[in-house]
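Asker: Okay, so here is final-v3.csv, and as you'll see once you scroll down, it has CSV, C-alpha atoms (C1' of nucleotides).
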chain,number,residue,atom,x,y,z
A,4,MET,CA,15.1,-1.5,25.7
A,5,ALA,CA,15.3,2.1,26.9
A,6,LYS,CA,12.7,2.4,29.6
A,7,ALA,CA,11.7,-1.2,30.3
A,8,SER,CA,10.2,0.0,33.6
A,9,THR,CA,6.6,0.8,32.4
A,10,LYS,CA,5.1,-1.8,30.1
A,11,PRO,CA,1.7,-0.5,29.3
A,12,LYS,CA,0.2,-4.0,28.5
A,13,LEU,CA,-3.0,-3.4,30.3
A,14,ASP,CA,-4.9,-0.6,28.5
A,15,LEU,CA,-4.6,-2.4,25.2
A,16,VAL,CA,-7.8,-4.2,25.8
A,17,ARG,CA,-10.4,-1.7,24.7
A,18,GLY,CA,-13.9,-2.3,23.6
A,19,ASP,CA,-14.0,0.3,20.8
A,20,ASP,CA,-11.3,0.0,18.2
A,21,SER,CA,-10.1,3.5,18.0
A,22,TYR,CA,-6.4,3.4,18.0
A,23,ALA,CA,-5.8,3.0,21.6
A,24,THR,CA,-2.1,3.1,22.3
A,25,ILE,CA,0.6,4.6,20.2
A,26,PRO,CA,3.9,3.0,21.0
A,27,GLU,CA,6.1,5.5,22.7
A,28,ALA,CA,8.7,4.9,20.0
A,29,PHE,CA,6.4,6.2,17.3
A,30,ARG,CA,4.6,9.0,19.1
A,31,ASN,CA,6.7,11.8,17.6
A,32,VAL,CA,7.5,10.1,14.3
A,33,LEU,CA,6.2,11.7,11.2
A,34,GLY,CA,6.6,8.6,9.0
A,35,TYR,CA,4.5,6.5,11.3
A,36,HIS,CA,1.7,9.1,11.5
A,37,LEU,CA,1.9,9.6,7.8
A,38,ARG,CA,1.4,6.0,7.1
A,39,VAL,CA,-1.5,5.6,9.5
A,40,ALA,CA,-3.3,8.7,8.4
A,41,GLN,CA,-2.9,7.9,4.7
A,42,GLU,CA,-4.2,4.4,5.4
A,43,ALA,CA,-7.2,5.9,7.2
A,44,SER,CA,-7.9,8.4,4.5
A,45,PHE,CA,-7.6,5.7,1.8
A,46,GLN,CA,-9.9,3.3,3.6
A,47,ALA,CA,-12.5,6.0,4.1
A,48,PHE,CA,-12.5,6.9,0.4
A,49,SER,CA,-12.4,3.3,-0.6
A,50,ALA,CA,-15.4,2.5,1.5
A,51,ALA,CA,-17.4,5.4,-0.1
A,52,VAL,CA,-16.4,4.3,-3.6
A,53,ASP,CA,-17.2,0.7,-2.8
A,54,LYS,CA,-20.7,1.6,-1.8
A,55,ALA,CA,-21.3,2.8,-5.4
A,56,ASP,CA,-19.7,-0.4,-6.7
A,57,LEU,CA,-16.7,1.4,-8.2
A,58,LYS,CA,-12.9,1.1,-7.7
A,59,PRO,CA,-10.9,3.7,-5.9
A,60,GLY,CA,-8.0,3.3,-8.3
A,61,TRP,CA,-10.1,4.5,-11.2
A,62,TYR,CA,-10.6,8.0,-9.9
A,63,SER,CA,-7.1,9.4,-10.3
A,64,ILE,CA,-6.7,8.0,-13.7
A,65,LEU,CA,-10.0,9.1,-15.0
A,66,THR,CA,-9.6,12.6,-13.5
A,67,ILE,CA,-6.1,13.0,-15.0
A,68,LEU,CA,-7.4,12.0,-18.4
A,69,SER,CA,-10.3,14.4,-18.1
A,70,GLU,CA,-7.9,17.2,-17.4
A,71,TYR,CA,-5.2,16.3,-20.0
A,72,GLY,CA,-7.4,14.8,-22.6
A,73,GLU,CA,-5.1,12.1,-23.9
A,74,LEU,CA,-1.9,10.6,-22.5
A,75,THR,CA,0.4,7.6,-23.0
A,76,PRO,CA,0.6,5.2,-20.1
A,77,SER,CA,4.1,6.5,-19.3
A,78,ASP,CA,3.0,10.1,-19.1
A,79,LEU,CA,0.0,9.1,-17.1
A,80,SER,CA,2.3,7.3,-14.7
A,81,ARG,CA,4.5,10.4,-14.3
A,82,VAL,CA,1.4,12.6,-13.6
A,83,CYS,CA,-0.2,10.3,-11.1
A,84,GLY,CA,3.1,9.5,-9.4
A,85,ARG,CA,2.9,5.7,-9.7
A,86,ASP,CA,5.1,3.2,-11.5
A,87,ARG,CA,4.2,2.4,-15.1
A,88,SER,CA,3.7,-1.2,-14.3
A,89,THR,CA,1.1,-0.4,-11.7
A,90,LEU,CA,-1.1,1.1,-14.4
A,91,THR,CA,-1.2,-1.8,-16.8
A,92,ALA,CA,-3.9,-3.9,-15.1
A,93,THR,CA,-6.1,-0.9,-14.3
A,94,LEU,CA,-6.0,0.5,-17.8
A,95,LYS,CA,-6.9,-2.9,-19.2
A,96,GLY,CA,-9.9,-3.0,-16.8
A,97,LEU,CA,-10.9,0.5,-17.9
A,98,VAL,CA,-10.8,-0.4,-21.5
A,99,ILE,CA,-12.8,-3.5,-21.0
A,100,ARG,CA,-15.5,-1.5,-19.1
A,101,GLY,CA,-15.6,1.0,-22.0
A,102,LEU,CA,-14.5,3.9,-19.8
A,103,ILE,CA,-11.3,4.7,-21.8
A,104,GLU,CA,-10.2,3.9,-25.3
A,105,ARG,CA,-6.7,3.2,-26.7
A,106,HIS,CA,-5.3,5.0,-29.7
A,107,GLN,CA,-2.3,3.6,-31.5
A,108,ASN,CA,0.4,6.1,-32.1
A,109,PRO,CA,0.8,6.1,-35.9
A,110,ASP,CA,4.5,7.2,-35.6
A,111,ASP,CA,5.5,4.6,-33.0
A,112,GLN,CA,4.2,1.1,-32.9
A,113,ARG,CA,5.2,0.6,-29.3
A,114,SER,CA,3.2,3.5,-28.1
A,115,TYR,CA,-0.4,4.3,-27.7
A,116,SER,CA,-2.5,6.9,-25.8
A,117,VAL,CA,-5.7,6.6,-23.8
A,118,ARG,CA,-8.6,9.0,-23.6
A,119,LEU,CA,-11.9,9.0,-21.9
A,120,THR,CA,-15.0,7.7,-23.6
A,121,ASP,CA,-18.4,9.3,-23.0
A,122,ASP,CA,-19.1,6.7,-20.3
A,123,GLY,CA,-15.6,7.5,-18.9
A,124,HIS,CA,-16.5,11.1,-18.5
A,125,LYS,CA,-19.7,10.2,-16.7
A,126,MET,CA,-17.9,7.8,-14.4
A,127,GLN,CA,-15.3,10.5,-13.7
A,128,ARG,CA,-18.0,12.9,-12.6
A,129,ARG,CA,-19.6,10.3,-10.4
A,130,LEU,CA,-16.2,9.4,-8.7
A,131,HIS,CA,-15.3,13.1,-8.5
A,132,ALA,CA,-18.5,13.7,-6.5
A,133,ILE,CA,-17.5,11.1,-4.0
A,134,ALA,CA,-13.9,12.2,-3.8
A,135,HIS,CA,-15.0,15.8,-3.3
A,136,LYS,CA,-17.0,14.9,-0.3
A,137,HIS,CA,-14.1,13.0,1.1
A,138,ASP,CA,-11.8,16.0,0.4
A,139,GLN,CA,-14.2,18.3,2.2
A,140,ARG,CA,-14.1,16.1,5.2
A,141,LEU,CA,-10.3,16.1,5.3
A,142,ASP,CA,-10.4,19.9,4.8
A,143,GLU,CA,-12.6,20.3,7.8
A,144,ILE,CA,-10.4,18.2,9.9
A,145,ALA,CA,-7.3,20.1,8.8
A,146,GLY,CA,-9.0,23.4,9.2
A,147,ASP,CA,-6.6,26.4,9.2
A,148,ASP,CA,-3.6,24.1,9.2
A,149,LYS,CA,-4.3,22.7,5.7
A,150,ASP,CA,-1.9,24.9,3.8
A,151,VAL,CA,0.9,24.2,6.2
A,152,VAL,CA,0.3,20.5,5.9
A,153,LEU,CA,0.1,20.7,2.1
A,154,ALA,CA,3.4,22.6,2.1
A,155,VAL,CA,5.1,20.0,4.3
A,156,LEU,CA,3.9,17.1,2.3
A,157,ALA,CA,5.1,18.8,-0.9
A,158,ARG,CA,8.5,19.3,0.6
A,159,ILE,CA,8.7,15.7,1.6
A,160,VAL,CA,7.9,14.6,-1.9
A,161,ASN,CA,10.4,17.0,-3.4
A,162,ALA,CA,13.2,16.0,-1.0
A,163,LEU,CA,12.7,12.3,-1.1
A,164,GLY,CA,11.5,11.9,-4.7
A,165,THR,CA,8.4,10.2,-6.0
A,166,GLY,CA,9.8,6.7,-5.8
B,288,MET,CA,-14.0,19.0,-18.4
B,289,ALA,CA,-14.1,22.2,-16.5
B,290,LYS,CA,-11.4,24.3,-18.1
B,291,ALA,CA,-10.6,22.4,-21.3
B,292,SER,CA,-8.8,25.4,-22.6
B,293,THR,CA,-5.3,24.8,-21.4
B,294,LYS,CA,-4.1,21.2,-21.7
B,295,PRO,CA,-0.6,21.3,-20.3
B,296,LYS,CA,0.5,18.2,-22.2
B,297,LEU,CA,3.9,19.7,-23.1
B,298,ASP,CA,5.8,20.1,-19.9
B,299,LEU,CA,5.3,16.6,-18.9
B,300,VAL,CA,8.4,15.5,-20.7
B,301,ARG,CA,11.1,16.2,-18.2
B,302,GLY,CA,14.5,14.7,-18.0
B,303,ASP,CA,14.6,14.4,-14.3
B,304,ASP,CA,11.8,12.5,-12.7
B,305,SER,CA,10.8,14.8,-9.9
B,306,TYR,CA,7.1,15.0,-9.9
B,307,ALA,CA,6.6,17.5,-12.6
B,308,THR,CA,3.0,18.3,-13.0
B,309,ILE,CA,0.4,18.0,-10.4
B,310,PRO,CA,-3.0,17.7,-12.0
B,311,GLU,CA,-5.0,20.8,-11.2
B,312,ALA,CA,-7.7,18.7,-9.8
B,313,PHE,CA,-5.4,17.4,-7.1
B,314,ARG,CA,-3.4,20.5,-6.3
B,315,ASN,CA,-5.3,21.3,-3.2
B,316,VAL,CA,-6.3,17.9,-2.2
B,317,LEU,CA,-5.0,16.6,1.1
B,318,GLY,CA,-5.7,13.0,0.3
B,319,TYR,CA,-3.7,13.0,-2.8
B,320,HIS,CA,-0.7,14.7,-1.2
B,321,LEU,CA,-0.9,12.4,1.7
B,322,ARG,CA,-0.8,9.4,-0.5
B,323,VAL,CA,2.2,10.6,-2.5
B,324,ALA,CA,4.1,11.8,0.5
B,325,GLN,CA,3.5,8.6,2.4
B,326,GLU,CA,4.7,6.6,-0.6
B,327,ALA,CA,7.8,8.7,-0.9
B,328,SER,CA,8.6,8.4,2.8
B,329,PHE,CA,8.0,4.6,2.7
B,330,GLN,CA,10.2,4.1,-0.4
B,331,ALA,CA,13.0,6.1,1.2
B,332,PHE,CA,12.9,4.1,4.4
B,333,SER,CA,12.5,0.9,2.4
B,334,ALA,CA,15.6,1.6,0.3
B,335,ALA,CA,17.7,2.3,3.4
B,336,VAL,CA,16.5,-0.9,5.0
B,337,ASP,CA,17.0,-2.9,1.8
B,338,LYS,CA,20.6,-1.8,1.6
B,339,ALA,CA,21.2,-3.7,4.9
B,340,ASP,CA,19.3,-6.7,3.6
B,341,LEU,CA,16.4,-6.3,6.0
B,342,LYS,CA,12.6,-5.9,5.6
B,343,PRO,CA,10.9,-2.6,6.3
B,344,GLY,CA,7.9,-4.5,7.7
B,345,TRP,CA,10.0,-5.9,10.5
B,346,TYR,CA,10.7,-2.6,12.1
B,347,SER,CA,7.4,-1.7,13.6
B,348,ILE,CA,6.7,-5.2,14.9
B,349,LEU,CA,10.1,-5.6,16.5
B,350,THR,CA,10.0,-2.1,18.0
B,351,ILE,CA,6.5,-2.6,19.5
B,352,LEU,CA,7.7,-5.9,21.0
B,353,SER,CA,10.8,-4.2,22.4
B,354,GLU,CA,8.5,-1.7,24.1
B,355,TYR,CA,5.7,-4.0,25.3
B,356,GLY,CA,7.7,-7.1,25.9
B,357,GLU,CA,5.2,-9.8,25.0
B,358,LEU,CA,2.0,-9.5,23.0
B,359,THR,CA,-0.5,-11.7,21.2
B,360,PRO,CA,-0.9,-11.2,17.5
B,361,SER,CA,-4.3,-9.5,18.1
B,362,ASP,CA,-2.9,-7.0,20.5
B,363,LEU,CA,0.1,-6.4,18.2
B,364,SER,CA,-2.4,-5.7,15.4
B,365,ARG,CA,-4.2,-3.2,17.5
B,366,VAL,CA,-1.0,-1.4,18.6
B,367,CYS,CA,0.5,-1.2,15.1
B,368,GLY,CA,-2.8,-0.3,13.5
B,369,ARG,CA,-3.0,-3.1,11.0
B,370,ASP,CA,-5.3,-5.9,10.4
B,371,ARG,CA,-4.6,-9.2,12.2
B,372,SER,CA,-4.4,-11.1,9.0
B,373,THR,CA,-1.6,-8.8,7.8
B,374,LEU,CA,0.7,-9.9,10.5
B,375,THR,CA,0.5,-13.7,10.1
B,376,ALA,CA,3.1,-14.0,7.3
B,377,THR,CA,5.5,-11.5,8.8
B,378,LEU,CA,5.4,-13.1,12.2
B,379,LYS,CA,6.0,-16.5,10.6
B,380,GLY,CA,9.1,-15.1,8.9
B,381,LEU,CA,10.3,-13.5,12.1
B,382,VAL,CA,10.0,-16.8,14.0
B,383,ILE,CA,11.8,-18.7,11.2
B,384,ARG,CA,14.6,-16.2,11.3
B,385,GLY,CA,14.9,-16.6,15.1
B,386,LEU,CA,14.0,-12.9,15.8
B,387,ILE,CA,10.9,-13.6,17.8
B,388,GLU,CA,9.6,-16.7,19.6
B,389,ARG,CA,6.1,-17.9,20.3
B,390,HIS,CA,4.8,-18.8,23.7
B,391,GLN,CA,1.7,-20.9,23.9
B,392,ASN,CA,-0.9,-19.5,26.3
B,393,PRO,CA,-1.4,-22.3,28.9
B,394,ASP,CA,-4.9,-21.1,29.6
B,395,ASP,CA,-6.1,-20.9,26.0
B,396,GLN,CA,-5.0,-23.3,23.3
B,397,ARG,CA,-6.0,-20.8,20.6
B,398,SER,CA,-3.8,-18.1,21.8
B,399,TYR,CA,-0.1,-17.5,21.9
B,400,SER,CA,2.1,-14.5,22.5
B,401,VAL,CA,5.4,-13.5,20.8
B,402,ARG,CA,8.4,-11.8,22.3
B,403,LEU,CA,11.8,-10.8,21.0
B,404,THR,CA,14.8,-13.2,21.1
B,405,ASP,CA,18.3,-11.8,21.7
B,406,ASP,CA,18.8,-11.7,18.0
B,407,GLY,CA,15.5,-9.9,17.7
B,408,HIS,CA,16.7,-7.3,20.1
B,409,LYS,CA,19.8,-6.8,18.1
B,410,MET,CA,17.9,-6.6,14.9
B,411,GLN,CA,15.5,-4.1,16.4
B,412,ARG,CA,18.4,-1.8,17.3
B,413,ARG,CA,19.9,-2.1,13.8
B,414,LEU,CA,16.5,-1.2,12.3
B,415,HIS,CA,15.9,1.6,14.8
B,416,ALA,CA,19.2,3.2,13.8
B,417,ILE,CA,18.1,3.3,10.2
B,418,ALA,CA,14.6,4.4,11.0
B,419,HIS,CA,15.9,7.2,13.3
B,420,LYS,CA,18.0,8.6,10.5
B,421,HIS,CA,15.0,8.6,8.3
B,422,ASP,CA,12.9,10.3,10.9
B,423,GLN,CA,15.5,13.0,11.4
B,424,ARG,CA,15.4,13.7,7.7
B,425,LEU,CA,11.6,14.0,7.8
B,426,ASP,CA,12.0,16.3,10.9
B,427,GLU,CA,14.4,18.5,9.0
B,428,ILE,CA,12.0,18.8,6.1
B,429,ALA,CA,9.0,19.6,8.4
B,430,GLY,CA,11.0,22.0,10.5
B,431,ASP,CA,8.9,24.1,12.7
B,432,ASP,CA,5.7,22.8,11.2
B,433,LYS,CA,6.2,19.3,12.5
B,434,ASP,CA,3.9,19.6,15.5
B,435,VAL,CA,1.1,21.1,13.4
B,436,VAL,CA,1.4,18.3,10.9
B,437,LEU,CA,1.5,15.6,13.6
B,438,ALA,CA,-1.6,17.1,15.1
B,439,VAL,CA,-3.5,17.2,11.8
B,440,LEU,CA,-2.5,13.6,11.0
B,441,ALA,CA,-3.7,12.5,14.4
B,442,ARG,CA,-7.0,14.3,13.9
B,443,ILE,CA,-7.5,12.5,10.6
B,444,VAL,CA,-6.9,9.1,12.2
B,445,ASN,CA,-9.2,9.9,15.0
B,446,ALA,CA,-12.0,11.2,12.8
B,447,LEU,CA,-11.8,8.6,10.1
B,448,GLY,CA,-10.8,5.6,12.2
B,449,THR,CA,-7.9,3.3,11.8
B,450,GLY,CA,-9.5,1.2,9.1
C,120,DA,C1',22.8,-2.0,-43.9
C,121,DA,C1',23.5,-3.9,-39.7
C,122,DC,C1',24.1,-3.9,-35.1
C,123,DA,C1',23.9,-1.5,-30.7
C,124,DA,C1',21.4,1.4,-27.6
C,125,DA,C1',17.5,3.6,-26.0
C,126,DT,C1',12.5,3.7,-25.3
C,127,DA,C1',7.4,2.0,-24.5
C,128,DT,C1',4.9,-1.3,-22.6
C,129,DT,C1',4.0,-5.7,-20.3
C,130,DT,C1',5.1,-9.5,-17.4
C,131,DT,C1',6.6,-11.6,-13.2
C,132,DG,C1',7.8,-11.7,-8.4
C,133,DT,C1',7.6,-9.6,-3.9
C,134,DC,C1',5.3,-7.2,-0.4
C,135,DA,C1',1.6,-4.8,2.3
C,136,DT,C1',-3.0,-3.9,3.0
C,137,DC,C1',-8.0,-5.2,4.0
C,138,DA,C1',-12.1,-8.1,4.2
C,139,DA,C1',-14.5,-12.3,4.4
C,140,DA,C1',-14.5,-17.1,5.1
C,141,DC,C1',-12.7,-20.9,7.7
C,142,DT,C1',-10.8,-23.8,11.8
C,143,DA,C1',-10.1,-24.5,16.4
C,144,DT,C1',-11.1,-23.6,20.9
C,145,DC,C1',-13.3,-21.4,24.8
C,146,DT,C1',-17.5,-19.6,27.2
C,147,DT,C1',-22.3,-19.2,28.1
C,148,DG,C1',-26.9,-20.5,28.8
C,149,DC,C1',-30.0,-23.8,29.4
D,136,DG,C1',-23.4,-31.7,29.7
D,137,DC,C1',-24.3,-30.0,25.4
D,138,DA,C1',-25.4,-26.9,21.8
D,139,DA,C1',-24.9,-21.9,20.5
D,140,DG,C1',-22.3,-18.2,20.1
D,141,DA,C1',-17.9,-15.6,20.8
D,142,DT,C1',-13.0,-15.3,20.1
D,143,DA,C1',-8.0,-16.3,18.3
D,144,DG,C1',-5.6,-17.1,14.6
D,145,DT,C1',-5.0,-18.5,9.7
D,146,DT,C1',-6.2,-18.7,4.9
D,147,DT,C1',-7.8,-16.9,0.6
D,148,DG,C1',-8.9,-13.4,-2.7
D,149,DA,C1',-8.8,-8.6,-4.1
D,150,DT,C1',-6.2,-4.2,-4.7
D,151,DG,C1',-2.2,-1.4,-5.2
D,152,DA,C1',2.6,-0.6,-5.0
D,153,DC,C1',7.6,-1.3,-6.6
D,154,DA,C1',11.5,-3.4,-9.1
D,155,DA,C1',13.6,-6.2,-12.4
D,156,DA,C1',13.3,-8.9,-16.4
D,157,DA,C1',11.3,-9.7,-20.9
D,158,DT,C1',9.4,-7.9,-25.7
D,159,DA,C1',8.9,-5.1,-29.3
D,160,DT,C1',10.1,-1.2,-31.8
D,161,DT,C1',12.6,2.9,-32.9
D,162,DT,C1',16.8,5.5,-33.1
D,163,DG,C1',21.7,6.1,-33.6
D,164,DT,C1',26.4,4.7,-35.1
D,165,DT,C1',29.6,3.0,-37.9
Output the file's structure as structure tokens, nothing else.
Answerer:
Amino acid sequence: MAKASTKPKLDLVRGDDSYATIPEAFRNVLGYHLRVAQEASFQAFSAAVDKADLKPGWYSILTILSEYGELTPSDLSRVCGRDRSTLTATLKGLVIRGLIERHQNPDDQRSYSVRLTDDGHKMQRRLHAIAHKHDQRLDEIAGDDKDVVLAVLARIVNALGTG
Amino acid sequence: MAKASTKPKLDLVRGDDSYATIPEAFRNVLGYHLRVAQEASFQAFSAAVDKADLKPGWYSILTILSEYGELTPSDLSRVCGRDRSTLTATLKGLVIRGLIERHQNPDDQRSYSVRLTDDGHKMQRRLHAIAHKHDQRLDEIAGDDKDVVLAVLARIVNALGTG
DNA sequence: AACAAATATTTTGTCATCAAACTATCTTGC
DNA sequence: GCAAGATAGTTTGATGACAAAATATTTGTT
């Protein structure tokens, strides 16, 4: 409703596919721009990783393990900010590919931890190189505003929770 | 690798579930914070919509239609920045629920357009009320930095493309 | 010691996203 | 007028996410 006077139907038809028309209702809406920017960023990283025949989902897990050494799936899920159940399939794949190995916890039969293998370390470095290039690109785009943006994003996460 | 000296394993175990420990490797990385913040924002909106027994995916489509009046799935996909194939299922659901209706294009048998029904308009307003509250919350969190953040997010999308 | 409660992980179901393959239809060029 | 190519939409398959239910095991209580 609102202002039904101007219906911008026409300029939708554009040859290039850059995102032509932002609906008026979303123009000032952080959530919308957050979603679109995150999707763009992920797709760009994904494409770069894909060219090397790797999976984008591996990067964060391998990197966290390279930093923390050894973690249970639950701790890993807390650190990377995703639900535990999301990790199961990825971890299974990483084990199969020999990039991580499981260690049964001798004190608790329910629990195990994962750590990088040598191949896992190598793969982490490969992925990190790709990720780092992507980060640099984002940093250039953000320029001097980077710190402000990081601060706002952190406030959003703290205020709304991780999920 | 890098600095294997301090492995912060310990403070992971926290009673609350606010995101405790950001891996050092991600602390300054826009892409990571973008992903986590977007996920948090989406989950918060999703939860609010869910309480009213609605679907978050409906909101953007209904709102775009309320603004543009009548669109083909392809144009809708361009406006909302998602792939065409993503819309198929949602549009089907919206038709079934009587929130939108399809109109065959008389000049092209392949093509149709969708527009809101009266129920669709009502539903759009309900969802908008929820979305608006969510937006206000994000606006409060962003405070004076909102415009800077919006500008950076827009630059990211323009530089990396919509997907 | 036994049963209840908490915890660690997996499984299942839903949804959103893209890309690529497929179908149907329209347009173009010859 | 007909075949080739472009376009609109759908389907299928992969990935990634959550939540809720199911399993297995440990801990705590009486």
Asker: Counting all atoms listed in the file, select every polymer residue within 7 Å of (-7.5, 18.8, 3.5) as defined in the file's coordinates, and provide the selection as a list of chain:residue names.
Answerer: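 Neighbouring residues, ordered by chain and number, come to A:Asp138, A:Gln139, A:Leu141, A:Asp142, A:Glu143, A:Ala145, A:Lys149, B:Val316, B:Leu317, B:Gly318.
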Asker: Which residues of chain A have any atom within 10 Å of an atom in chain D when counting all atoms listed in the file, and what is the closest pair of atoms for each, with the distance in Å to one decimal? Order the rows by chain and rising number and write it as JSON lines.
Answerer:
{"residue": "A:Lys58", "atom": "CA", "partner": "D:DT150", "partner_atom": "C1'", "distance": 9.1}
{"residue": "A:Pro59", "atom": "CA", "partner": "D:DT150", "partner_atom": "C1'", "distance": 9.3}
{"residue": "A:Gly60", "atom": "CA", "partner": "D:DG151", "partner_atom": "C1'", "distance": 8.1}
{"residue": "A:Arg85", "atom": "CA", "partner": "D:DA152", "partner_atom": "C1'", "distance": 7.9}
{"residue": "A:Asp86", "atom": "CA", "partner": "D:DC153", "partner_atom": "C1'", "distance": 7.1}
{"residue": "A:Arg87", "atom": "CA", "partner": "D:DC153", "partner_atom": "C1'", "distance": 9.9}
{"residue": "A:Ser88", "atom": "CA", "partner": "D:DC153", "partner_atom": "C1'", "distance": 8.6}
{"residue": "A:Thr89", "atom": "CA", "partner": "D:DA152", "partner_atom": "C1'", "distance": 6.9}
{"residue": "A:Leu90", "atom": "CA", "partner": "D:DG151", "partner_atom": "C1'", "distance": 9.6}
{"residue": "A:Thr93", "atom": "CA", "partner": "D:DG151", "partner_atom": "C1'", "distance": 9.9}
{"residue": "A:Asp110", "atom": "CA", "partner": "D:DT161", "partner_atom": "C1'", "distance": 9.6}
{"residue": "A:Asp111", "atom": "CA", "partner": "D:DT161", "partner_atom": "C1'", "distance": 7.3}
{"residue": "A:Gln112", "atom": "CA", "partner": "D:DT160", "partner_atom": "C1'", "distance": 6.4}
{"residue": "A:Arg113", "atom": "CA", "partner": "D:DT160", "partner_atom": "C1'", "distance": 5.8}
{"residue": "A:Ser114", "atom": "CA", "partner": "D:DT160", "partner_atom": "C1'", "distance": 9.1}
{"residue": "A:Gly166", "atom": "CA", "partner": "D:DC153", "partner_atom": "C1'", "distance": 8.3}
Asker: Please, which residues in chain C fall within 12 Å of chain A when counting all atoms listed in the file, and what is the closest atom pair and distance in Å to one decimal for each, ordered by chain then residue number, as a tab-separated table?
Answerer:
residue	atom	partner	partner_atom	distance
C:DT126	C1'	A:Arg113	CA	8.9
C:DA127	C1'	A:Arg113	CA	5.5
C:DT128	C1'	A:Arg113	CA	7.0
C:DT129	C1'	A:Thr91	CA	7.4
C:DT130	C1'	A:Ser88	CA	9.0
C:DT131	C1'	A:Ser88	CA	10.9
C:DA135	C1'	A:Glu42	CA	11.3
C:DT136	C1'	A:Glu42	CA	8.7
C:DC137	C1'	A:Gln46	CA	8.7
C:DA138	C1'	A:Ala50	CA	11.4
Asker: Would you list the contacts of B:Arg322 as a PDB file with C-alpha atoms, in the frame of the given file, taking every protein, DNA or RNA residue within 6 Å and counting only C-alpha atoms (C1' of nucleotides), but skipping same-chain residues closer than 3 positions in sequence?
Answerer:
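The new file part.pdb reads:
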ATOM      1  CA  GLN A  41      -2.900   7.900   4.700  1.00  0.00           C
TER       2      GLN A  41
ATOM      3  CA  TYR B 319      -3.700  13.000  -2.800  1.00  0.00           C
ATOM      4  CA  GLN B 325       3.500   8.600   2.400  1.00  0.00           C
TER       5      GLN B 325
END
Asker: I need the residue nearest chain A from this list: B:Arg365, B:Lys379, B:Lys338, B:His390. Use only C-alpha atoms for the distance.
Answerer: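 Closest residue, counting only C-alpha atoms: B:Arg365.
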Asker: Rank B:Gln411, B:Asn392, B:Ser364, B:Thr308 by their smallest atom-to-atom distance to chain A, using only C-alpha atoms, and report the top residue only.
Answerer: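 Checking each of B:Gln411, B:Asn392, B:Ser364, B:Thr308 against chain A, counting only C-alpha atoms, the winner is B:Thr308.
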Asker: Take atom CA of B:Val366 and atom CA of A:Arg158 and report the distance between them in Å, one decimal.
Answerer: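 Interatomic distance, atom CA of B:Val366 to atom CA of A:Arg158: 29.0 Å.
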Asker: Atom CA of A:Trp61 to atom CA of A:Leu97: how many Å, to one decimal?
Answerer: 7.8 Å
Asker: Write out as a VMD selection string the residues lying within 8 Å of B:Gly356, counting all atoms listed in the file and excluding same-chain residues fewer than 2 positions away.
Answerer: (chain A and resid 10) or (chain B and resid 351 to 354 358 402 to 403)
Asker: Just the number, please: distance in Å from atom CA of B:Ile443 to atom CA of B:Asn315, one decimal.
Answerer: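 Those two atoms sit 16.5 Å apart.
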Asker: Which residue is closest to chain A? Choose from B:Ile383, B:Ser400, B:Ala324, B:Phe313 and count all atoms listed in the file.
Answerer: B:Ala324
Asker: Working from the structure I just supplied, which lacks atoms in stretch 61-68 of chain A, can you model N, CA, C and O atoms there and output them as a CSV table (one decimal), in the frame of the given file?
Answerer:
chain,number,residue,atom,x,y,z
A,61,TRP,N,-9.7,3.9,-10.0
A,61,TRP,CA,-10.1,4.5,-11.2
A,61,TRP,C,-10.1,6.0,-11.1
A,61,TRP,O,-9.8,6.7,-12.1
A,62,TYR,N,-10.3,6.5,-10.0
A,62,TYR,CA,-10.6,8.0,-9.9
A,62,TYR,C,-9.4,8.8,-10.4
A,62,TYR,O,-9.6,9.7,-11.2
A,63,SER,N,-8.2,8.5,-9.9
A,63,SER,CA,-7.1,9.4,-10.3
A,63,SER,C,-6.9,9.3,-11.8
A,63,SER,O,-6.6,10.3,-12.4
A,64,ILE,N,-6.9,8.1,-12.3
A,64,ILE,CA,-6.7,8.0,-13.7
A,64,ILE,C,-7.7,8.7,-14.6
A,64,ILE,O,-7.4,9.5,-15.5
A,65,LEU,N,-9.0,8.5,-14.3
A,65,LEU,CA,-10.0,9.1,-15.0
A,65,LEU,C,-9.9,10.6,-14.9
A,65,LEU,O,-10.2,11.4,-15.9
A,66,THR,N,-9.6,11.1,-13.7
A,66,THR,CA,-9.6,12.6,-13.5
A,66,THR,C,-8.4,13.2,-14.3
A,66,THR,O,-8.5,14.2,-14.9
A,67,ILE,N,-7.3,12.5,-14.2
A,67,ILE,CA,-6.1,13.0,-15.0
A,67,ILE,C,-6.5,13.1,-16.5
A,67,ILE,O,-6.2,14.1,-17.1
A,68,LEU,N,-7.1,12.0,-17.0
A,68,LEU,CA,-7.4,12.0,-18.4
A,68,LEU,C,-8.4,13.1,-18.7
A,68,LEU,O,-8.4,13.7,-19.8
